[in-house]
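S.K.: Next up is a structure, given as structure tokens.
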Amino acid sequence: MITTENLTKKFSATLAVDKLSLQVKEGEVFGFLGPNGAGKTTTVRMLAALIKPTSGKATVNGYVLGKQNQAIRQNVGILTENPGMYDNLSAEYNLQIYANLYGLKNPNGQVEKYLRMLGLWDRRNDVAGSFSKGMKQKLAIARAILHEPRILFLDEPTAALDPEAAHMVREFIEELRKEGRTIFLTTHNLDEADRLCDRIGVFKSHMLVVDSPGNLRTQLFGRKVVFHLRRVDPEIEMLVSSLPFVREAHIIDEKLLVNLDDPEKYNPDIIRTLVTAGADVQFVGELRRSLEDVYLELIKKA
Amino acid sequence: MKKIITIVKKEWAEVFKNRMVLFTVIFLPLLFAALPLILIFVTRSAGVADISTEMPAQFTMLCNPVLTAGECFQVYMAGQFMLLFLLEPLIIPVNIAAYSIVGEKTTRSLEPLLATPITTAELLGGKNLAAVIPAILATWAGFAIYCIGLLIIASPVVVNAILTPIWLTAILVVGPLMAVLSVNFSLMVSSRVNDPRAAEQISTIVILPVLILFIGQIAGFFIVNQRMIWLLALTTLALDVIMVYVAVQLFQRETILTRWK
């Protein structure tokens with residue numbers, strides 16, 4: 001659905017995006033993560049045919065960037081960093097403007113559909129300026145999908161929203177995913193990316209890594225299992241460390257922390273060993289690294 | 001065309017909620033129509049005996065022999081104010097057009113708008129029409145009020161002497177051309193600045209040439225005649241073509257999106 005090859009953008013002497021190559025598959029939610037000023041918004045603007053790349057190639061929904069920009073604009077939806085609504089106009093009229101600009105056959109029907117879907121129908125006659133941040137964001141999302149694009153660029157969709165509004169927006173993104181739409185999501189909310197994205201790309205002017213959040217965790221940190229024992233002593237630690245499939249074992253905070261490649265396969269063996277050695281196993285769980293740990297590790301290395 | 005109409009309607013829905021714009025579109029034509037009417041009404045019985053002492057010599061030569069000295073004075077005074085009807089199409093659209101781009105920049109509504117499949121020509125066409133149409137209609141409405149007032153308060157010979165083909169050409173042809181000039185100049189300024197007030201202030205420069213014409217005539221340096229009006233029409237037309245071209249060239253989507261503050 002989206003392919004870029006050495007996509008580069010320079011603003012005078014500033015290199016905003018450096019040889020970005022990536023592929024986003026159909027129906028995928030792709031998280032585009034990176035620090036402020038990394039070039040995320042510039043990338044989104046390039047892919048939405050708002051600004052021209054300095055060099056490189058890209059296709060969006062099969063259309064070639066730079067040659068078929070009008071077709072790209074017609075076929076993608078974009079939620080910009082700022083809602084940018086016409087504050088003096090009603091919510092309904094705001095959407096009708098865009099419905100007409102996209103040349104929809106049934107503009108009023110589409111406007112009603114999305115105002116109802118996002119819970120704004122009862123406030124349709126109110127001016128957008130009277131809306132809360134969350135409501136404006138919902139209205140901006142409605143505007144982005146009004147023309148039923150197969151590809152959506154969502155730039156910080158939950159930034160500056162209260163938890164309830166952010167939750168609602170995330171649920172809506174889930175709905176869009178279920179409909180099979182391809183979503184290119186830029187966000188600073190790593191928990192959000194972890195929950196919503198099939199794959200993430202960590203970006204800092206050039207792409208550092210692209211993979212699923214789960215794979216990235218494993219690659220960077222391996223998998224760690226925590227054994228809660230009634231009593232932990234150094235002998236138990238040495239015993240577990242000596243097992244051939246254990247990478248390493250440590251006692252931390254009265255718990256035995258074991259690094260393994262395949263916990264599902266080896267956990268039973270470890271438990272058997274511990275029980276045979278007289279340890280009382282109270283609880284076993286996996287120590288999950290957050291996506292934040294992954295992100296910070298990658299950015300630190302960059 | 002549908003996209004242009006959408007932009008026009010959107011602009012009107014937005015700008016006509018602005019009291020300053022409404023004031024300019026409604027009050028200015030009324031004021032400019034009322035001023036000469038009041039003057040003609042007041043000077044009906046002024047009793048001007050010797051026109052040569054009251055008016056520039058070049059005007060007295062043009063004065064119709066059937067006019068009395070007082071009527072000639074009325075025609076002279078009315079003629080001074082006719083140029084106001086050329087100032088109107090320059091002044092009225094400034095408020096609308098100057099806010100047009102820079103207003104969208106400040107509210108951040110331009111980016112989603114540019115993300116739609118609208119072309120630059122359609123966008124600027126819509127914004128042009130949204131400012132030009134009210135300016136022309138308001139000017140013509142003001143002029144119509146002026147004409148009706150004239151028919152009521154002035155003698156038929158004075159009316160005939162004032163409503164000459166020169167001025168009808170000026171109001172009906174030069175006026176719209178002036179409006180196009182003003183709008184495109186304002187759009188050009190609006191595309192390059194980041195503050196709506198700065199856009200309005202810079203855009204008002206466009207009224208200066210007609211203001212000079214107005215002051216020049218009042219000062220007696222010249223009397224606007226048919227040749228001058230046609231010359232003005234051709235000059236404005238040429239400037240319109242240049243200004244439309246420059247406005248389109250200066251409307252750089254990428255620059256506007258990436259360099260606004």
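Here, A, B, ... name the chains of the structure tokens in the order displayed, residue numbers run from 1 inside each chain, and ligands are numbered from 1 in the same displayed order.
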Using only C-alpha atoms, find each residue of chain A with at least one atom at most 7 Å away from an atom of chain B; report its shortest atom-to-atom pair and that distance in Å (one decimal), sort the rows by chain and rising residue number, and return the result as a tab-separated table.
M.R.:
residue	atom	partner	partner_atom	distance
A:Ala48	CA	B:Ala115	CA	6.9
A:Leu50	CA	B:Ala115	CA	6.2
A:Ile51	CA	B:Glu254	CA	5.2
A:Gln70	CA	B:Pro117	CA	5.3
A:Arg73	CA	B:Pro117	CA	5.2
A:Gln74	CA	B:Pro117	CA	5.4
A:Thr80	CA	B:Pro112	CA	6.7
A:Asn82	CA	B:Arg108	CA	6.7
A:Gly84	CA	B:Ser109	CA	3.9
A:Met85	CA	B:Ser109	CA	5.7
A:Tyr86	CA	B:Ser109	CA	6.7
A:Asn88	CA	B:Glu14	CA	6.3
A:Leu89	CA	B:Glu14	CA	6.8
A:Ile97	CA	B:Thr6	CA	6.3
A:Asn100	CA	B:Thr6	CA	6.7
A:Leu101	CA	B:Lys3	CA	5.4
A:Tyr102	CA	B:Thr116	CA	6.5
S.K.: I'd like the contact shell of Gln226 in chain B - 12 Å cut-off, only C-alpha atoms, skipping same-chain residues fewer than 6 positions apart - returned as a list in words.
M.R.: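 Once the nearby chain positions are removed, what remains is Thr164, Pro165, Ile166, Trp167, Leu168, Thr169, Ala170, Val174, Leu232 and Ala233 of chain B.
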S.K.: Dump N, CA and C atoms for the selected residues as a PDB file, in the first residue's frame?
M.R.:
ATOM      1  N   THR B 164     -23.074  60.104 -17.026  1.00  0.00           N
ATOM      2  CA  THR B 164     -22.591  60.042 -18.415  1.00  0.00           C
ATOM      3  C   THR B 164     -21.987  58.664 -18.700  1.00  0.00           C
ATOM      4  N   PRO B 165     -21.842  58.330 -19.968  1.00  0.00           N
ATOM      5  CA  PRO B 165     -21.198  57.038 -20.303  1.00  0.00           C
ATOM      6  C   PRO B 165     -19.821  56.885 -19.666  1.00  0.00           C
ATOM      7  N   ILE B 166     -19.139  58.001 -19.439  1.00  0.00           N
ATOM      8  CA  ILE B 166     -17.792  57.913 -18.825  1.00  0.00           C
ATOM      9  C   ILE B 166     -17.888  57.211 -17.476  1.00  0.00           C
ATOM     10  N   TRP B 167     -18.809  57.701 -16.683  1.00  0.00           N
ATOM     11  CA  TRP B 167     -18.891  57.156 -15.326  1.00  0.00           C
ATOM     12  C   TRP B 167     -19.554  55.784 -15.291  1.00  0.00           C
ATOM     13  N   LEU B 168     -20.514  55.577 -16.217  1.00  0.00           N
ATOM     14  CA  LEU B 168     -21.118  54.226 -16.273  1.00  0.00           C
ATOM     15  C   LEU B 168     -20.049  53.202 -16.642  1.00  0.00           C
ATOM     16  N   THR B 169     -19.175  53.581 -17.585  1.00  0.00           N
ATOM     17  CA  THR B 169     -18.054  52.700 -17.960  1.00  0.00           C
ATOM     18  C   THR B 169     -17.151  52.473 -16.743  1.00  0.00           C
ATOM     19  N   ALA B 170     -16.906  53.558 -16.046  1.00  0.00           N
ATOM     20  CA  ALA B 170     -16.009  53.456 -14.884  1.00  0.00           C
ATOM     21  C   ALA B 170     -16.587  52.491 -13.842  1.00  0.00           C
ATOM     22  N   VAL B 174     -14.480  49.404 -15.014  1.00  0.00           N
ATOM     23  CA  VAL B 174     -13.240  49.605 -14.239  1.00  0.00           C
ATOM     24  C   VAL B 174     -13.411  49.090 -12.809  1.00  0.00           C
ATOM     25  N   LEU B 232      -7.375  53.904 -17.733  1.00  0.00           N
ATOM     26  CA  LEU B 232      -7.400  53.276 -16.407  1.00  0.00           C
ATOM     27  C   LEU B 232      -7.868  51.813 -16.525  1.00  0.00           C
ATOM     28  N   ALA B 233      -8.883  51.607 -17.376  1.00  0.00           N
ATOM     29  CA  ALA B 233      -9.423  50.251 -17.562  1.00  0.00           C
ATOM     30  C   ALA B 233      -8.347  49.325 -18.132  1.00  0.00           C
TER      31      ALA B 233
END
S.K.: Separation of CA of Phe23 in chain B and CA of Arg197 in chain B, in Å?
M.R.: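 Distance between the two atoms: 16.8 Å.
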S.K.: From the set B:Ala138, B:Val158, B:Ala131, B:Val102, which residue has the shortest atom-to-atom contact distance to Glu11 in chain B, counting only C-alpha atoms?
M.R.: B:Ala131
S.K.: Report, in Å with one decimal, the straight-line distance from CA of Ala247 in chain B to CA of Gln96 in chain A.
M.R.: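 Calculated distance between CA of Ala247 in chain B and CA of Gln96 in chain A is 27.7 Å.
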S.K.: Rounded to one decimal in Å, what is the spacing between CA of Met238 in chain A and CA of His250 in chain A?
M.R.: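 Those two atoms sit 8.8 Å apart.
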S.K.: At a cut-off of 9 Å, using only C-alpha atoms, what residues contact Ile145 in chain A? Leave out same-chain residues fewer than 5 positions from it and give the result as a ChimeraX atom specification.
M.R.: /A:76-79,114,140,150,152
S.K.: Can you pull out every residue within 8 Å of Pro35 in chain A, counting only C-alpha atoms, but drop anything in the same chain fewer than 5 positions away, and send it as a PyMOL selection string?
M.R.: chain A and resi 188+203-204
S.K.: Give me the residues near Pro196 in chain B as a list in words, where near means some atom within 7 Å (using only C-alpha atoms) and where sequence neighbours in that chain fewer than 2 positions away do not count.
M.R.: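 What passes the distance filter is Ala98, Tyr99, Val102, Gly103, Asn194, Ala198, Ala199 and Glu200 of chain B.
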S.K.: Can I get the selected residues back with C-alpha atoms, as a PDB file, in the first residue's frame?
M.R.:
ATOM      1  CA  ALA B  98      -6.307  39.676   3.206  1.00  0.00           C
ATOM      2  CA  TYR B  99      -7.635  37.322   5.847  1.00  0.00           C
ATOM      3  CA  VAL B 102      -3.234  34.103   6.513  1.00  0.00           C
ATOM      4  CA  GLY B 103      -6.425  33.396   8.463  1.00  0.00           C
ATOM      5  CA  ASN B 194       1.853  35.412   9.136  1.00  0.00           C
ATOM      6  CA  ALA B 198      -0.283  42.907   8.821  1.00  0.00           C
ATOM      7  CA  ALA B 199      -1.968  41.439   5.747  1.00  0.00           C
ATOM      8  CA  GLU B 200      -4.801  43.969   5.953  1.00  0.00           C
TER       9      GLU B 200
END
S.K.: Quick one: residues within 10 Å of Phe172 in chain A, only C-alpha atoms counted, chain neighbours fewer than 6 positions away excluded, as a list in words?
M.R.: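 Those residues are Met117, Leu118, Lys138, Ile141, Ala166 and Lys178 of chain A.
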S.K.: Produce a file of the selected residues containing N, CA and C atoms, as a PDB file, in the first residue's frame.
M.R.:
ATOM      1  N   MET A 117     -21.394   8.140  14.068  1.00  0.00           N
ATOM      2  CA  MET A 117     -20.431   7.125  14.505  1.00  0.00           C
ATOM      3  C   MET A 117     -19.514   7.666  15.601  1.00  0.00           C
ATOM      4  N   LEU A 118     -19.182   8.956  15.496  1.00  0.00           N
ATOM      5  CA  LEU A 118     -18.258   9.537  16.481  1.00  0.00           C
ATOM      6  C   LEU A 118     -18.993  10.279  17.606  1.00  0.00           C
ATOM      7  N   LYS A 138     -12.197  14.337  17.302  1.00  0.00           N
ATOM      8  CA  LYS A 138     -13.138  13.385  16.698  1.00  0.00           C
ATOM      9  C   LYS A 138     -13.659  13.938  15.368  1.00  0.00           C
ATOM     10  N   ILE A 141     -11.078  13.534  12.813  1.00  0.00           N
ATOM     11  CA  ILE A 141     -10.997  12.140  12.353  1.00  0.00           C
ATOM     12  C   ILE A 141     -12.127  11.873  11.351  1.00  0.00           C
ATOM     13  N   ALA A 166      -8.861  10.074  24.607  1.00  0.00           N
ATOM     14  CA  ALA A 166      -7.798   9.287  23.955  1.00  0.00           C
ATOM     15  C   ALA A 166      -8.242   7.836  23.794  1.00  0.00           C
ATOM     16  N   LYS A 178     -10.154  -2.961  11.882  1.00  0.00           N
ATOM     17  CA  LYS A 178     -11.027  -4.105  11.596  1.00  0.00           C
ATOM     18  C   LYS A 178     -11.657  -3.998  10.213  1.00  0.00           C
TER      19      LYS A 178
END
S.K.: Taking only C-alpha atoms into account, which of B:Ala34, B:Val180, B:Ala130, B:Ile202 comes nearest Tyr146 in chain B?
M.R.: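 Checking each of B:Ala34, B:Val180, B:Ala130, B:Ile202 against Tyr146 in chain B, counting only C-alpha atoms, the winner is B:Ala34.
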